[in-house]
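Undergrad: Below is the structure I would like to discuss, written out as structure tokens.
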Amino acid sequence: MPAPTPVRFGVVGSGWRAEFFVRMARLMPERFTCTGVVTRTAERGAQVEAAWGVPTVRTVTELVTGDLPGAGRSPDRPELVVTATPWPVTPDVVRELVDASVPVLAETPPAPDVEGLRDLWADVGSAGLVQVAEHSPFMPAHQARRALVADGVIGEPTSVQVSSTHLYHAVGLARRLLGAGRGPATVHARAFTAPLVDPVGRDARTGATAPQPARTILATIDLGDGRHVLYDFTDNQWHNPLRTNRIVVRGSHGEIVDDTVTRWVDERTWLTSPLVRRQSGIEQDLDGFDLEHVSFDGRVLYRNPFVGARLADDDLAVAHLLDGTGAWVRGDAPAPYPLADGCQDHLLGLAVEESARTGGPVTTVAEAWAHD
């Protein structure tokens, strides 16, 4: 069979998260092509061109029409555009792209606040052109857990406890594991401060040796129909090695605790089995360090389609999002993460923050995107 045509995407923005997407094209040119990046200034554009090896322009119009620099260049139009822009800027960029009939993969969140979410949905929701780059559910281990839940291994899913990432990311992961919709929800949250050493930041080791005050938010989210979420996040938990990831998915017939699955078999039997990661490149394995698959009781739940690129789990999630969005644009796959879900995730994340701030419960209503 002929090799698939690479997914062609442009990027608006040149910050830390934008580079994740561009890196996928650099590592896997047979699968992804970055047609160009929009930067605000020519100076920043020159830096991006030198560091990332992609052309840059100053406007969205230049990007989507393929009006890129280079003598004799033919128009280089993207199939979709990733918006990796500051929160207040994202809604306007999304509107501009939708007005140009260009599919969008918008970094999270799609708008800063509840009113912004409502306004954005009113303007572009019916277009059906916007996906959200909520990467957490696309990480390999979470895809494996979702496969177990979908197969009914732990029965009907009823709750998720998540302590790894924050707000809309955690909500999006929990809702997808539970198969929850976008209806009303009630949030109770509290904030606590306690000492914690913080040795690693986003960019480097901090050199810190003494504990400093760190805030933790604990919250419960009642999604209705007996389904609920327990949320637990401490400042900088993404990077701090002193706070590990934890996830529990509970169901009517068992539970998944991190990488351990306990489930009911019959009235006399219940079993416990691990989720097993197969990593190449360890000891005498000379194939190079890479994730090959995640299995359960001898059955592969997740197989890495990007073997050879040597990607970390977060990068694999980005690659899955780009690949899935490209397939959706071409009509070959369902929408990977529709705008309606991105709006709902951020709505509940904002409710967690509001409840933690006020000390009282927050109840959300079914918004306009609830039944999309």
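A note on labels: chains of the structure tokens are A, B, ... as shown, every chain counts residues from 1, and ligands are counted from 1 in their shown order.
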Show me, as a ChimeraX atom specification, the residues that have an atom within 8 Å of region 333-335 of chain A when counting only C-alpha atoms, minus same-chain residues fewer than 6 positions from it.
TA: /A:131,324-325,327
Undergrad: Contacts of Leu242 (chain A) at 10 Å or less, counting only C-alpha atoms, minus same-chain residues fewer than 3 places along, as a list in words?
TA: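 Close residues of Leu242 (chain A): Leu196, Val197, Asp198, Pro199, Val200, Gln237, His239 and Asn245 of chain A.
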Undergrad: If you count only C-alpha atoms, which residues fall within 6 Å of Val352 (chain A), apart from same-chain ones fewer than 3 positions away, as a list in words?
TA: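 Residues meeting the cut-off are Ala189, Gly349 and Ser355 of chain A.
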Undergrad: Could you write out that same residue set with all heavy atoms as a PDB file, in the first residue's frame?
TA:
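Final output, out.pdb:
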ATOM      1  N   ALA A 189     -14.828  22.196  46.655  1.00  0.00           N
ATOM      2  CA  ALA A 189     -13.366  22.232  46.665  1.00  0.00           C
ATOM      3  C   ALA A 189     -12.846  22.997  47.874  1.00  0.00           C
ATOM      4  O   ALA A 189     -13.518  23.901  48.392  1.00  0.00           O
ATOM      5  CB  ALA A 189     -12.840  22.882  45.387  1.00  0.00           C
ATOM      6  N   GLY A 349     -13.287  22.989  35.354  1.00  0.00           N
ATOM      7  CA  GLY A 349     -12.044  23.433  35.968  1.00  0.00           C
ATOM      8  C   GLY A 349     -12.193  24.798  36.623  1.00  0.00           C
ATOM      9  O   GLY A 349     -11.689  25.037  37.725  1.00  0.00           O
ATOM     10  N   SER A 355     -14.871  27.306  43.627  1.00  0.00           N
ATOM     11  CA  SER A 355     -15.243  26.692  44.890  1.00  0.00           C
ATOM     12  C   SER A 355     -14.098  26.740  45.888  1.00  0.00           C
ATOM     13  O   SER A 355     -14.311  26.998  47.086  1.00  0.00           O
ATOM     14  CB  SER A 355     -15.681  25.241  44.648  1.00  0.00           C
ATOM     15  OG  SER A 355     -16.046  24.617  45.858  1.00  0.00           O
TER      16      SER A 355
END
Undergrad: With only C-alpha atoms as the counted atoms, please give the residues lying no more than 10 Å from Thr262 (chain A), apart from itself and same-chain residues fewer than 6 positions off, as an MDAnalysis selection string.
TA: chainID A and resid 153:154 250 253:256 270:274
Undergrad: Quick one: residues within 9 Å of Gln344 (chain A), only C-alpha atoms, excluding same-chain residues fewer than 6 positions away - as a PyMOL selection string?
TA: chain A and resi 117+168+171-172+181-183+367+369-370
Undergrad: Save out the residues we just selected, all heavy atoms, as a tab-separated table (two decimals), in the first residue's frame.
TA:
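Result file again-v1.tsv:
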chain	number	residue	atom	x	y	z
A	117	LEU	N	-16.08	31.29	26.91
A	117	LEU	CA	-16.47	30.00	26.35
A	117	LEU	C	-17.83	30.11	25.66
A	117	LEU	O	-18.03	29.60	24.55
A	117	LEU	CB	-16.53	28.94	27.44
A	117	LEU	CG	-15.21	28.52	28.09
A	117	LEU	CD1	-15.47	27.63	29.29
A	117	LEU	CD2	-14.31	27.81	27.08
A	168	TYR	N	-8.66	21.63	33.84
A	168	TYR	CA	-9.32	21.10	32.64
A	168	TYR	C	-8.66	19.82	32.14
A	168	TYR	O	-9.33	18.94	31.60
A	168	TYR	CB	-9.37	22.14	31.52
A	168	TYR	CG	-8.10	22.94	31.35
A	168	TYR	CD1	-7.06	22.49	30.56
A	168	TYR	CD2	-7.96	24.17	31.99
A	168	TYR	CE1	-5.90	23.22	30.41
A	168	TYR	CE2	-6.79	24.91	31.85
A	168	TYR	CZ	-5.76	24.43	31.05
A	168	TYR	OH	-4.61	25.17	30.92
A	171	VAL	N	-10.00	17.10	34.50
A	171	VAL	CA	-11.42	16.91	34.25
A	171	VAL	C	-11.65	16.17	32.94
A	171	VAL	O	-12.47	15.24	32.85
A	171	VAL	CB	-12.15	18.27	34.23
A	171	VAL	CG1	-13.59	18.11	33.74
A	171	VAL	CG2	-12.14	18.90	35.62
A	172	GLY	N	-10.92	16.57	31.90
A	172	GLY	CA	-11.07	15.92	30.61
A	172	GLY	C	-10.73	14.44	30.67
A	172	GLY	O	-11.43	13.60	30.08
A	181	GLY	N	-21.13	12.78	30.06
A	181	GLY	CA	-21.54	13.79	29.10
A	181	GLY	C	-21.25	15.19	29.58
A	181	GLY	O	-20.34	15.41	30.40
A	182	ARG	N	-22.05	16.15	29.13
A	182	ARG	CA	-21.77	17.56	29.40
A	182	ARG	C	-22.91	18.22	30.17
A	182	ARG	O	-23.21	19.39	29.99
A	182	ARG	CB	-21.52	18.30	28.09
A	182	ARG	CG	-20.51	17.61	27.18
A	182	ARG	CD	-20.25	18.40	25.92
A	182	ARG	NE	-19.55	17.57	24.93
A	182	ARG	CZ	-20.09	17.13	23.81
A	182	ARG	NH1	-21.36	17.47	23.48
A	182	ARG	NH2	-19.41	16.38	22.97
A	183	GLY	N	-23.54	17.45	31.03
A	183	GLY	CA	-24.67	17.96	31.79
A	183	GLY	C	-24.26	18.73	33.03
A	183	GLY	O	-23.08	19.00	33.25
A	367	GLU	N	-24.86	23.84	29.41
A	367	GLU	CA	-24.61	24.98	28.54
A	367	GLU	C	-25.05	24.65	27.11
A	367	GLU	O	-25.50	23.54	26.80
A	367	GLU	CB	-23.13	25.33	28.57
A	367	GLU	CG	-22.60	25.76	29.92
A	367	GLU	CD	-23.01	27.17	30.32
A	367	GLU	OE1	-23.50	27.92	29.43
A	367	GLU	OE2	-22.83	27.54	31.49
A	369	TRP	N	-23.45	23.99	24.57
A	369	TRP	CA	-22.69	22.92	23.91
A	369	TRP	C	-23.02	21.53	24.49
A	369	TRP	O	-22.46	20.54	24.04
A	369	TRP	CB	-21.18	23.17	24.06
A	369	TRP	CG	-20.72	23.34	25.47
A	369	TRP	CD1	-20.55	22.36	26.41
A	369	TRP	CD2	-20.39	24.57	26.13
A	369	TRP	NE1	-20.13	22.88	27.59
A	369	TRP	CE2	-20.02	24.25	27.46
A	369	TRP	CE3	-20.36	25.91	25.72
A	369	TRP	CZ2	-19.63	25.21	28.38
A	369	TRP	CZ3	-19.97	26.87	26.63
A	369	TRP	CH2	-19.62	26.53	27.95
A	370	ALA	N	-23.92	21.45	25.46
A	370	ALA	CA	-24.14	20.21	26.19
A	370	ALA	C	-24.61	19.08	25.30
A	370	ALA	O	-24.28	17.91	25.52
A	370	ALA	CB	-25.14	20.43	27.33
Undergrad: Quick one: of A:Asp99, A:Glu283, A:Glu107, A:Asp225, who's nearest to Ala127 (chain A), counting only C-alpha atoms?
TA: A:Asp99
